[in-house]
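One structure is given below, encoded as structure tokens.
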Amino acid sequence: MSANRRRNDAIFWGLAWTLASSMPVFWLKTSMGGPLSLGVLIGLPAVSAIGWGAILAHALRREERAMEAALAAAGGASSTAIDGMAQVMTEQMQCACKELQRVDDLLGHAIGQLLAAFTSVSEQARAHENELAQAAVAAQGTAGGDRLRAAAQRVAGEVNGAVTALQFRDVVGQKLAHVRSELVALDQAMQAIRDASAQCARAELAPRVKGLLQQWQQARAAGPVRQELMHAGEIELF
Amino acid sequence: MAKSILAVDDSASIRQMVAFTLKGAGYEVIEAVDGVDGLAKAKSQAVDLVLTDQNMPRMDGLSMVRALRLLPDYRTAPILILTTESGDTMKSNGRAAGATGWLVKPFDPTRLLEVVRKVLG
């Protein structure tokens, strides 16, 4: 029943009561002919007011019940909505974790192949570098000697560059592990929100969710990896 | 006689790169896969230098450093942390634990050798 209908009903019954309670007064006035007593004059509005009061109280109770029903429905709807949203997010986060694991596995496979190739090539490169360096010493003071020394340094530089670059597996792996742990923590926070939506009263839900999100934010650890590029890192001796 | 270096890292690629760099410079390299393994190998064979990662399973680098510093052979031995972590707090923790230096990955072989030579005297 709509609020307008409930209001109209209350007005109708109030007027009906007023009319009904006035009827005896008119009957008394017409049958007795004399002036109405003070008791009747006071009693008529009192009876009318009591009637109106009862009708309004009844109307208010109906409004209250309607509002409670609406709130219960809204509470159930919001709880269901939070539950559904959390479920979707959990599934998405689990998918993301699996994808990250696949990336990690692919990286592991790729680095395994790269390292095997590096092991083979680096020994040859180092031997080549040594030969060039020895030849440069033998040809010291000549233009050829300078060229050989430059070539030896170039080979050494290339090998060093490869050694630095091949450490990307560790750096990227730690970054992936950090992202995965963040996703797991977010998943746990969503689970806590789902539990809260099922357990808390509607009025308590918003502050509870806010508190859970704050807890999650505070628990977040800074990523261990800050490197943006594979440049050699800093060194500090204590 | 070649000086011995214990390289502790759960990443096989890092261990391989460290070993390649140090062996190329004439050092003997002993490898360990985490703090527990590193501590066991350090106890079984005294090494001249320990080069360890921080984030490892079972026992992290700083815990291993603290444990090593309690052993007579490692009270003053150089211990370097080689890690992806570059935060000031972590470095302070490393210094407090007794580490000799902090190297952020990825390392440059030439600079790593410079530091190793310096701390080994």
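We name chains A, B, ... following the order of the structure tokens; residues begin at 1 in each chain, and ligands are numbered from 1 as shown.
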Could you give me, as CSV, a per-residue list for chain A showing, wherever an atom lies at most 12 Å from an atom of chain B, the closest pair of atoms and their distance in Å to one decimal, using only C-alpha atoms and sorting by chain then residue number from low to high?
```
residue,atom,partner,partner_atom,distance
A:Leu107,CA,B:Ser13,CA,11.5
A:Gly108,CA,B:Ser13,CA,9.5
A:His109,CA,B:Ser13,CA,11.6
A:Ala110,CA,B:Ser13,CA,11.4
A:Ile111,CA,B:Ser13,CA,7.6
A:Gly112,CA,B:Ser13,CA,8.0
A:Gln113,CA,B:Ser13,CA,10.9
A:Leu114,CA,B:Ser13,CA,9.7
A:Leu115,CA,B:Ser13,CA,7.1
A:Ala116,CA,B:Ser13,CA,10.2
A:Phe118,CA,B:Met17,CA,9.8
A:Thr119,CA,B:Phe20,CA,8.7
A:Ser120,CA,B:Phe20,CA,11.8
A:Ser122,CA,B:Phe20,CA,8.9
A:Glu123,CA,B:Phe20,CA,9.3
A:Ala125,CA,B:Gly24,CA,11.7
A:Arg126,CA,B:Gly24,CA,8.4
A:Ala127,CA,B:Gly24,CA,10.6
A:Glu129,CA,B:Gly24,CA,11.7
A:Asn130,CA,B:Gly24,CA,11.0
A:Gln153,CA,B:Thr110,CA,11.9
A:Ala156,CA,B:Thr110,CA,9.6
A:Gly157,CA,B:Thr110,CA,9.2
A:Glu158,CA,B:Pro109,CA,11.2
A:Val159,CA,B:Pro109,CA,9.2
A:Asn160,CA,B:Pro109,CA,5.8
A:Gly161,CA,B:Asp108,CA,7.6
A:Ala162,CA,B:Met17,CA,9.4
A:Val163,CA,B:Met17,CA,5.9
A:Thr164,CA,B:Asp108,CA,5.6
A:Ala165,CA,B:Pro106,CA,7.6
A:Leu166,CA,B:Ser13,CA,7.4
A:Gln167,CA,B:Pro106,CA,5.8
A:Phe168,CA,B:Pro106,CA,7.4
A:Arg169,CA,B:Ser13,CA,7.3
A:Asp170,CA,B:Ser11,CA,6.4
A:Val171,CA,B:Thr84,CA,6.3
A:Val172,CA,B:Thr84,CA,9.8
A:Gly173,CA,B:Ser11,CA,9.4
A:Gln174,CA,B:Thr84,CA,8.0
A:Lys175,CA,B:Thr84,CA,9.4
A:Ala177,CA,B:Asn55,CA,11.2
A:His178,CA,B:Asn55,CA,11.5
A:Ala222,CA,B:Gly87,CA,9.4
A:Gly223,CA,B:Glu85,CA,8.6
A:Pro224,CA,B:Glu85,CA,5.0
A:Val225,CA,B:Thr84,CA,5.6
A:Arg226,CA,B:Ser86,CA,7.2
A:Gln227,CA,B:Thr84,CA,7.9
A:Glu228,CA,B:Pro106,CA,11.4
A:Leu229,CA,B:Pro106,CA,9.7
A:Met230,CA,B:Pro106,CA,6.7
A:His231,CA,B:Pro106,CA,6.9
A:Ala232,CA,B:Pro106,CA,5.0
A:Gly233,CA,B:Val104,CA,4.5
A:Glu234,CA,B:Val104,CA,5.4
A:Ile235,CA,B:Leu103,CA,4.5
A:Glu236,CA,B:Trp102,CA,5.1
A:Leu237,CA,B:Gly101,CA,4.0
A:Phe238,CA,B:Gly101,CA,5.3
```
Just-selected residues, C-alpha atoms written as a PDB file, in the first residue's frame:
```pdb
ATOM      1  CA  LEU A 107      59.887 -16.384 -17.153  1.00  0.00           C
ATOM      2  CA  GLY A 108      61.447 -19.298 -15.303  1.00  0.00           C
ATOM      3  CA  HIS A 109      61.431 -21.389 -18.466  1.00  0.00           C
ATOM      4  CA  ALA A 110      62.857 -18.537 -20.558  1.00  0.00           C
ATOM      5  CA  ILE A 111      65.601 -17.729 -18.072  1.00  0.00           C
ATOM      6  CA  GLY A 112      66.512 -21.415 -17.880  1.00  0.00           C
ATOM      7  CA  GLN A 113      67.145 -21.442 -21.622  1.00  0.00           C
ATOM      8  CA  LEU A 114      68.959 -18.100 -21.531  1.00  0.00           C
ATOM      9  CA  LEU A 115      71.246 -19.247 -18.727  1.00  0.00           C
ATOM     10  CA  ALA A 116      72.071 -22.476 -20.532  1.00  0.00           C
ATOM     11  CA  PHE A 118      74.915 -17.951 -21.514  1.00  0.00           C
ATOM     12  CA  THR A 119      76.956 -20.686 -19.822  1.00  0.00           C
ATOM     13  CA  SER A 120      78.090 -21.962 -23.186  1.00  0.00           C
ATOM     14  CA  SER A 122      80.258 -16.835 -21.753  1.00  0.00           C
ATOM     15  CA  GLU A 123      83.109 -19.335 -21.435  1.00  0.00           C
ATOM     16  CA  ALA A 125      83.654 -15.057 -24.696  1.00  0.00           C
ATOM     17  CA  ARG A 126      85.901 -15.079 -21.654  1.00  0.00           C
ATOM     18  CA  ALA A 127      88.508 -17.192 -23.468  1.00  0.00           C
ATOM     19  CA  GLU A 129      88.644 -11.839 -24.148  1.00  0.00           C
ATOM     20  CA  ASN A 130      91.764 -13.377 -22.570  1.00  0.00           C
ATOM     21  CA  GLN A 153      87.371  -4.470 -23.289  1.00  0.00           C
ATOM     22  CA  ALA A 156      84.307  -7.924 -21.327  1.00  0.00           C
ATOM     23  CA  GLY A 157      81.742  -5.119 -21.355  1.00  0.00           C
ATOM     24  CA  GLU A 158      79.275  -7.232 -23.367  1.00  0.00           C
ATOM     25  CA  VAL A 159      79.658 -10.166 -20.980  1.00  0.00           C
ATOM     26  CA  ASN A 160      79.202  -7.886 -17.959  1.00  0.00           C
ATOM     27  CA  GLY A 161      76.111  -6.372 -19.561  1.00  0.00           C
ATOM     28  CA  ALA A 162      74.701  -9.870 -20.079  1.00  0.00           C
ATOM     29  CA  VAL A 163      75.402 -10.798 -16.441  1.00  0.00           C
ATOM     30  CA  THR A 164      73.540  -7.693 -15.251  1.00  0.00           C
ATOM     31  CA  ALA A 165      70.605  -8.201 -17.624  1.00  0.00           C
ATOM     32  CA  LEU A 166      70.235 -11.884 -16.797  1.00  0.00           C
ATOM     33  CA  GLN A 167      69.373 -10.978 -13.217  1.00  0.00           C
ATOM     34  CA  PHE A 168      65.982  -9.739 -14.416  1.00  0.00           C
ATOM     35  CA  ARG A 169      64.397 -13.061 -13.424  1.00  0.00           C
ATOM     36  CA  ASP A 170      65.021 -12.367  -9.756  1.00  0.00           C
ATOM     37  CA  VAL A 171      63.913  -8.747  -9.869  1.00  0.00           C
ATOM     38  CA  VAL A 172      60.758  -9.485 -11.877  1.00  0.00           C
ATOM     39  CA  GLY A 173      60.020 -12.617  -9.848  1.00  0.00           C
ATOM     40  CA  GLN A 174      60.037 -10.644  -6.595  1.00  0.00           C
ATOM     41  CA  LYS A 175      57.815  -7.992  -8.093  1.00  0.00           C
ATOM     42  CA  ALA A 177      55.392 -12.301  -5.837  1.00  0.00           C
ATOM     43  CA  HIS A 178      54.612  -8.938  -4.236  1.00  0.00           C
ATOM     44  CA  ALA A 222      55.691  -1.590   0.433  1.00  0.00           C
ATOM     45  CA  GLY A 223      56.951  -3.440  -2.618  1.00  0.00           C
ATOM     46  CA  PRO A 224      60.471  -4.773  -2.125  1.00  0.00           C
ATOM     47  CA  VAL A 225      61.447  -3.893  -5.691  1.00  0.00           C
ATOM     48  CA  ARG A 226      61.777  -0.246  -6.648  1.00  0.00           C
ATOM     49  CA  GLN A 227      63.911  -0.672  -9.747  1.00  0.00           C
ATOM     50  CA  GLU A 228      62.225   0.599 -12.877  1.00  0.00           C
ATOM     51  CA  LEU A 229      64.971  -0.467 -15.255  1.00  0.00           C
ATOM     52  CA  MET A 230      67.663  -3.129 -15.232  1.00  0.00           C
ATOM     53  CA  HIS A 231      70.428  -0.687 -14.393  1.00  0.00           C
ATOM     54  CA  ALA A 232      72.956  -1.852 -11.832  1.00  0.00           C
ATOM     55  CA  GLY A 233      71.805  -1.081  -8.290  1.00  0.00           C
ATOM     56  CA  GLU A 234      73.473   1.090  -5.692  1.00  0.00           C
ATOM     57  CA  ILE A 235      76.181  -0.099  -3.312  1.00  0.00           C
ATOM     58  CA  GLU A 236      76.634   1.054   0.264  1.00  0.00           C
ATOM     59  CA  LEU A 237      79.363  -0.118   2.582  1.00  0.00           C
ATOM     60  CA  PHE A 238      78.653   0.404   6.289  1.00  0.00           C
TER      61      PHE A 238
END
```
- Message: Give me the residues near Asp9 (chain A) as number ranges by chain, where near means some atom within 12 Å (using only C-alpha atoms) and where sequence neighbours in that chain fewer than 3 positions away do not count.
- Response: A: 1-6, 12-16, 55-56, 58-60, 62
- Quick one: residues within 9 Å of Tyr74 (chain B), only C-alpha atoms counted, chain neighbours fewer than 4 positions away excluded, as JSON, numbers by chain? {"B": [42, 46, 47, 48, 68, 69, 70, 78, 79]}
Since we have the selection now, will you write its residues out, keeping N, CA and C atoms, as a CSV table (one decimal), in the first residue's frame?
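Wrote again14.csv, looks like this:
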```csv
chain,number,residue,atom,x,y,z
B,42,ALA,N,78.4,-22.5,6.1
B,42,ALA,CA,79.3,-21.6,6.7
B,42,ALA,C,79.9,-22.3,8.0
B,46,ALA,N,84.8,-22.7,7.0
B,46,ALA,CA,84.9,-21.3,7.2
B,46,ALA,C,85.3,-20.6,5.9
B,47,VAL,N,84.5,-19.6,5.5
B,47,VAL,CA,84.7,-18.9,4.3
B,47,VAL,C,85.2,-17.4,4.6
B,48,ASP,N,85.8,-16.8,3.6
B,48,ASP,CA,86.4,-15.5,3.8
B,48,ASP,C,85.4,-14.4,3.7
B,68,LEU,N,75.2,-15.8,12.1
B,68,LEU,CA,76.7,-15.9,11.8
B,68,LEU,C,77.5,-15.1,12.7
B,69,ARG,N,77.0,-13.9,13.1
B,69,ARG,CA,77.8,-13.0,13.9
B,69,ARG,C,78.0,-13.6,15.3
B,70,LEU,N,77.2,-14.6,15.7
B,70,LEU,CA,77.4,-15.3,17.0
B,70,LEU,C,78.5,-16.3,16.9
B,78,PRO,N,83.7,-10.3,6.6
B,78,PRO,CA,82.8,-9.5,5.8
B,78,PRO,C,81.5,-10.2,5.3
B,79,ILE,N,80.4,-9.6,5.5
B,79,ILE,CA,79.1,-10.2,5.0
B,79,ILE,C,78.4,-9.1,4.2
```
- Query: Could you pull out the helix (DSSP H, G or I) residues of chain B from DSSP and send them as an NGL selection string?
  - Reply: :B and (12-24 or 35-44 or 61-69 or 72-74 or 88-97 or 109-120)
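Residues in contact with region 27-40 of chain B at 6 Å, where only C-alpha atoms are counted and same-chain residues fewer than 5 positions away are skipped, are listed as Ala2, Lys3, Ser4, Ile5, Leu6, Ala7, Val8, Asp9, Asp10, Leu22, Met56, Met59, Asp60, Gly61 and Met64 of chain B.
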- Task: Could you pull out the residues in chain B that DSSP calls strand (DSSP E or B) from the backbone, as a PyMOL selection string?
- Result: chain B and resi 4-8+28-32+49-52+79-83+101-104
- Item | Separation of CA of Gln45 (chain B) from CA of Gly26 (chain B), in Å and rounded to one decimal |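 Distance between the two atoms: 18.5 Å.
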